[in-house]
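Novice: If you scroll down you'll find the structure; I have some questions about it.
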Amino acid sequence: MTPDRSRLLALDFDGVISDSAPECFTVACATWHTLEPSSPLLADGAEPLRDAFMALMPLGNRAEDFGIALRILAAGASVASQADYDAFRATLPREWLRSFHKRFYRERAALADADRQAWLRQMGPYPPVVSALRRLAGRVELAIATAKDRRTVRILLGEYGIDDLFAQGRILDKETGASKAAHMERLRDELGVSYEAITFVDDKVNHLDVVSGLGVRCVLAGWGYNGAREHALARARGYPVWSPSDLEAGVFA
């Protein structure tokens with residue numbers, strides 16, 4: 001079946017297709033241990049911090065944001081909103097943020113090299129999303145817009161059994177564009193679709209804010225580690241909140 005080129009479903013990867021939160025938590029804690037060896041934060045192990053860390057994840061965008069989440073927990077700071085988070089972030093030294101970012105990727109690579117299967121097991125798919133994408137294949141154009149590197153995305157798509165659904169050039173990563181808006185611009189230009197024909201699903205409200213100005217239909221993924229805070233914020237800004245079962249019908253609505 002030839003895809004309907006007048007419609008495009010673009011999805012973020014982490015938190016939308018891939019449940020990568022466990023891996024992010026593991027790598028973030030390893031990075032913290034390296035950069036902050038004298039900190040008592042992990043004195044009782046990482047597990048007691050897991051839920052609080054996951055609650056902060058939707059407020060960040062990049063690798064250093066995982067470090068910011070741990071800094072918030074170490075400080076016992078009260079962070080209830082994006083504004084609170086951004087204010088706390090602004091107090092941190094840029095050099096520390098850069099160091100955490102770089103070290104995070106080194107720790108991730110070390111984990112993957114040490115035990116590839118254990119690493120992959122920490123990034124399982126959301127099965128209902130995988131099933132919905134398989135059913136949509138051939139009916140619409142599919143693309144991924146992500147901050148993750150394309151190579152890792154391809155590896156994981158292969159593990160999930162859906163690598164064949166995304167043609168060459170349909171995985172736009174951090175090297176393809178500096179923002180999700182840049183990714184949408186690239187897809188529009190390459191596929192010749194209008195912004196209004198693109199449905200973009202992301203798990204971060206601030207990403208939707210950036211893209212919505214183009215005229216793209218923006219949707220918050222209501223699964224994963226999103227909670228009531230993110231759902232309420234999305235709806236207040238006019239973004240629908242979908243479940244995986246909404247993907248098929250929603251694209252054609």
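Following the order of the structure tokens, chains are lettered A, B, ..., residues in each are numbered from 1, and ligands are numbered from 1.
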Restrict the calculation to only C-alpha atoms, then for each residue of segment 67-148 of chain A with any atom at most 12 Å from an atom of segment 219-224 of chain A give the closest atom pair and their distance in Å to one decimal, rows by chain and rising residue number, as a tab-separated table.
Specialist:
residue	atom	partner	partner_atom	distance
A:Gly124	CA	A:Gly224	CA	11.5
A:Pro125	CA	A:Gly224	CA	10.2
A:Tyr126	CA	A:Gly224	CA	8.0
A:Pro127	CA	A:Trp223	CA	11.4
A:Pro128	CA	A:Trp223	CA	10.1
A:Val129	CA	A:Trp223	CA	9.7
Novice: Store the residues of this selection in a file with C-alpha atoms, as a CSV table (one decimal), in the first residue's frame.
Specialist:
chain,number,residue,atom,x,y,z
A,124,GLY,CA,12.0,-1.5,26.1
A,125,PRO,CA,9.2,-0.3,23.8
A,126,TYR,CA,5.7,0.8,24.6
A,127,PRO,CA,4.0,-2.3,23.1
A,128,PRO,CA,0.6,-0.6,22.3
A,129,VAL,CA,2.5,2.1,20.4
Novice: Between atom CA of Phe88 of chain A and atom CA of Ala178 of chain A, measure the distance and give it in Å to one decimal.
Specialist: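 Straight-line distance from atom CA of Phe88 of chain A to atom CA of Ala178 of chain A works out to 23.4 Å.
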Novice: Excluding Trp32 of chain A and any residue of its chain fewer than 4 positions from it, enumerate the residues within 10 Å of it, using only C-alpha atoms, and give them as a list in words.
Specialist: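 Neighbouring residues, sequence-local ones excluded: Val27, Ala28, Glu36, Pro37, Ser39, Leu41, Leu42, Phe66, Gly67, Leu70, Arg71, Phe100, Arg103 and Phe104 of chain A.
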Novice: Quick one: pick out all alpha helix (DSSP H) residues within segment 102-159 of chain A from a backbone DSSP run and write them as a ChimeraX atom specification.
Specialist: /A:102-114,116-121,127-136,150-159
Novice: Using only C-alpha atoms, which residue out of A:Pro58, A:Ala21, A:Ala110, A:Asp149 lies closest to Asp203 of chain A?
Specialist: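 The closest residue to Asp203 of chain A is A:Pro58.
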Novice: Could you pull out the strand (DSSP E or B) residues of segment 122-197 of chain A, going by DSSP on the backbone, and write them as a PyMOL selection string?
Specialist: chain A and resi 124-125+137+140-145+171-172
Novice: Env of Phe13 of chain A: 12 Å cut, atoms = only C-alpha atoms, seq-sep filter 6 positions within chain, self excluded. Answer as a PDB file with N, CA and C atoms, in the first residue's frame.
Specialist:
ATOM      1  N   ASP A  19      10.475   3.296  26.042  1.00  0.00           N
ATOM      2  CA  ASP A  19      10.444   3.570  27.482  1.00  0.00           C
ATOM      3  C   ASP A  19      11.889   3.580  27.974  1.00  0.00           C
ATOM      4  N   SER A  20      12.553   4.685  27.739  1.00  0.00           N
ATOM      5  CA  SER A  20      13.985   4.801  28.025  1.00  0.00           C
ATOM      6  C   SER A  20      14.279   5.342  29.414  1.00  0.00           C
ATOM      7  N   ALA A  21      13.244   5.646  30.187  1.00  0.00           N
ATOM      8  CA  ALA A  21      13.464   6.251  31.501  1.00  0.00           C
ATOM      9  C   ALA A  21      14.350   5.404  32.413  1.00  0.00           C
ATOM     10  N   MET A 123      15.629  -0.263  27.884  1.00  0.00           N
ATOM     11  CA  MET A 123      14.969   0.648  26.940  1.00  0.00           C
ATOM     12  C   MET A 123      13.941  -0.114  26.120  1.00  0.00           C
ATOM     13  N   GLY A 124      12.999  -0.716  26.781  1.00  0.00           N
ATOM     14  CA  GLY A 124      11.966  -1.457  26.078  1.00  0.00           C
ATOM     15  C   GLY A 124      10.989  -0.535  25.371  1.00  0.00           C
ATOM     16  N   PRO A 125      10.194  -1.088  24.471  1.00  0.00           N
ATOM     17  CA  PRO A 125       9.198  -0.274  23.764  1.00  0.00           C
ATOM     18  C   PRO A 125       7.919  -0.141  24.578  1.00  0.00           C
ATOM     19  N   TYR A 126       7.052   0.756  24.137  1.00  0.00           N
ATOM     20  CA  TYR A 126       5.670   0.776  24.608  1.00  0.00           C
ATOM     21  C   TYR A 126       4.885  -0.116  23.635  1.00  0.00           C
ATOM     22  N   VAL A 129       2.046   1.179  21.377  1.00  0.00           N
ATOM     23  CA  VAL A 129       2.486   2.138  20.361  1.00  0.00           C
ATOM     24  C   VAL A 129       3.098   1.401  19.180  1.00  0.00           C
ATOM     25  N   VAL A 130       3.928   0.412  19.466  1.00  0.00           N
ATOM     26  CA  VAL A 130       4.524  -0.399  18.401  1.00  0.00           C
ATOM     27  C   VAL A 130       3.430  -1.043  17.552  1.00  0.00           C
ATOM     28  N   ALA A 143       7.601   9.230  10.645  1.00  0.00           N
ATOM     29  CA  ALA A 143       8.930   9.800  10.880  1.00  0.00           C
ATOM     30  C   ALA A 143       9.169   9.905  12.378  1.00  0.00           C
ATOM     31  N   ILE A 144      10.440  10.002  12.733  1.00  0.00           N
ATOM     32  CA  ILE A 144      10.846  10.186  14.124  1.00  0.00           C
ATOM     33  C   ILE A 144      11.648  11.470  14.219  1.00  0.00           C
ATOM     34  N   ALA A 145      11.319  12.292  15.204  1.00  0.00           N
ATOM     35  CA  ALA A 145      12.064  13.527  15.485  1.00  0.00           C
ATOM     36  C   ALA A 145      12.567  13.425  16.916  1.00  0.00           C
ATOM     37  N   THR A 146      13.879  13.309  17.082  1.00  0.00           N
ATOM     38  CA  THR A 146      14.421  12.979  18.394  1.00  0.00           C
ATOM     39  C   THR A 146      15.747  13.675  18.666  1.00  0.00           C
ATOM     40  N   ALA A 147      16.049  13.816  19.945  1.00  0.00           N
ATOM     41  CA  ALA A 147      17.367  14.310  20.348  1.00  0.00           C
ATOM     42  C   ALA A 147      18.358  13.165  20.490  1.00  0.00           C
ATOM     43  N   LYS A 148      17.874  11.935  20.415  1.00  0.00           N
ATOM     44  CA  LYS A 148      18.744  10.762  20.505  1.00  0.00           C
ATOM     45  C   LYS A 148      19.506  10.604  19.191  1.00  0.00           C
ATOM     46  N   ASP A 149      20.660   9.948  19.239  1.00  0.00           N
ATOM     47  CA  ASP A 149      21.423   9.747  18.009  1.00  0.00           C
ATOM     48  C   ASP A 149      20.752   8.687  17.140  1.00  0.00           C
ATOM     49  N   ARG A 150      20.848   8.882  15.829  1.00  0.00           N
ATOM     50  CA  ARG A 150      20.155   8.027  14.866  1.00  0.00           C
ATOM     51  C   ARG A 150      20.593   6.561  14.977  1.00  0.00           C
ATOM     52  N   THR A 152      21.582   4.783  17.589  1.00  0.00           N
ATOM     53  CA  THR A 152      20.923   4.096  18.699  1.00  0.00           C
ATOM     54  C   THR A 152      19.444   3.885  18.412  1.00  0.00           C
ATOM     55  N   VAL A 153      18.810   4.870  17.797  1.00  0.00           N
ATOM     56  CA  VAL A 153      17.395   4.726  17.448  1.00  0.00           C
ATOM     57  C   VAL A 153      17.200   3.545  16.507  1.00  0.00           C
ATOM     58  N   ARG A 154      18.062   3.426  15.503  1.00  0.00           N
ATOM     59  CA  ARG A 154      17.955   2.315  14.556  1.00  0.00           C
ATOM     60  C   ARG A 154      18.137   0.969  15.264  1.00  0.00           C
ATOM     61  N   LEU A 156      17.481   0.242  18.369  1.00  0.00           N
ATOM     62  CA  LEU A 156      16.303  -0.047  19.187  1.00  0.00           C
ATOM     63  C   LEU A 156      15.077  -0.364  18.333  1.00  0.00           C
ATOM     64  N   LEU A 157      14.906   0.330  17.230  1.00  0.00           N
ATOM     65  CA  LEU A 157      13.794   0.003  16.332  1.00  0.00           C
ATOM     66  C   LEU A 157      13.915  -1.436  15.844  1.00  0.00           C
ATOM     67  N   ILE A 171      14.369   9.413  10.101  1.00  0.00           N
ATOM     68  CA  ILE A 171      14.775   9.547  11.501  1.00  0.00           C
ATOM     69  C   ILE A 171      15.632  10.797  11.600  1.00  0.00           C
ATOM     70  N   LEU A 172      15.072  11.830  12.184  1.00  0.00           N
ATOM     71  CA  LEU A 172      15.763  13.107  12.321  1.00  0.00           C
ATOM     72  C   LEU A 172      16.262  13.222  13.755  1.00  0.00           C
ATOM     73  N   ASP A 173      17.584  13.302  13.903  1.00  0.00           N
ATOM     74  CA  ASP A 173      18.171  13.288  15.239  1.00  0.00           C
ATOM     75  C   ASP A 173      18.815  14.623  15.566  1.00  0.00           C
ATOM     76  N   LYS A 174      19.621  14.637  16.632  1.00  0.00           N
ATOM     77  CA  LYS A 174      20.229  15.886  17.086  1.00  0.00           C
ATOM     78  C   LYS A 174      21.204  16.454  16.068  1.00  0.00           C
ATOM     79  N   LYS A 180      13.039  20.571  17.482  1.00  0.00           N
ATOM     80  CA  LYS A 180      11.958  19.826  16.832  1.00  0.00           C
ATOM     81  C   LYS A 180      11.330  20.661  15.711  1.00  0.00           C
ATOM     82  N   PHE A 200       2.293  15.807  15.167  1.00  0.00           N
ATOM     83  CA  PHE A 200       3.530  15.597  15.925  1.00  0.00           C
ATOM     84  C   PHE A 200       3.185  15.179  17.346  1.00  0.00           C
ATOM     85  N   VAL A 201       3.701  14.033  17.769  1.00  0.00           N
ATOM     86  CA  VAL A 201       3.435  13.493  19.106  1.00  0.00           C
ATOM     87  C   VAL A 201       4.721  13.519  19.918  1.00  0.00           C
ATOM     88  N   ASP A 202       4.689  14.208  21.038  1.00  0.00           N
ATOM     89  CA  ASP A 202       5.866  14.326  21.907  1.00  0.00           C
ATOM     90  C   ASP A 202       5.412  14.182  23.353  1.00  0.00           C
ATOM     91  N   ASP A 203       6.368  13.874  24.213  1.00  0.00           N
ATOM     92  CA  ASP A 203       6.029  13.741  25.631  1.00  0.00           C
ATOM     93  C   ASP A 203       6.386  14.984  26.431  1.00  0.00           C
ATOM     94  N   LYS A 204       6.869  16.029  25.755  1.00  0.00           N
ATOM     95  CA  LYS A 204       7.264  17.259  26.442  1.00  0.00           C
ATOM     96  C   LYS A 204       6.414  18.423  25.935  1.00  0.00           C
ATOM     97  N   ALA A 221       1.821  12.915  24.223  1.00  0.00           N
ATOM     98  CA  ALA A 221       1.720  11.485  24.515  1.00  0.00           C
ATOM     99  C   ALA A 221       1.313  11.327  25.974  1.00  0.00           C
ATOM    100  N   GLY A 224       3.637   6.661  29.331  1.00  0.00           N
ATOM    101  CA  GLY A 224       5.000   6.836  29.835  1.00  0.00           C
ATOM    102  C   GLY A 224       5.017   7.507  31.186  1.00  0.00           C
TER     103      GLY A 224
END
Novice: Provide the atom CA of Leu97 of chain A to atom CA of Leu11 of chain A distance in Å, to one decimal place.
Specialist: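 Separation between atom CA of Leu97 of chain A and atom CA of Leu11 of chain A: 27.2 Å.
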Novice: By how many Å are atom CA of Thr199 of chain A and atom CA of Glu141 of chain A apart?
Specialist: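 Computed distance, atom CA of Thr199 of chain A to atom CA of Glu141 of chain A, equals 10.5 Å.
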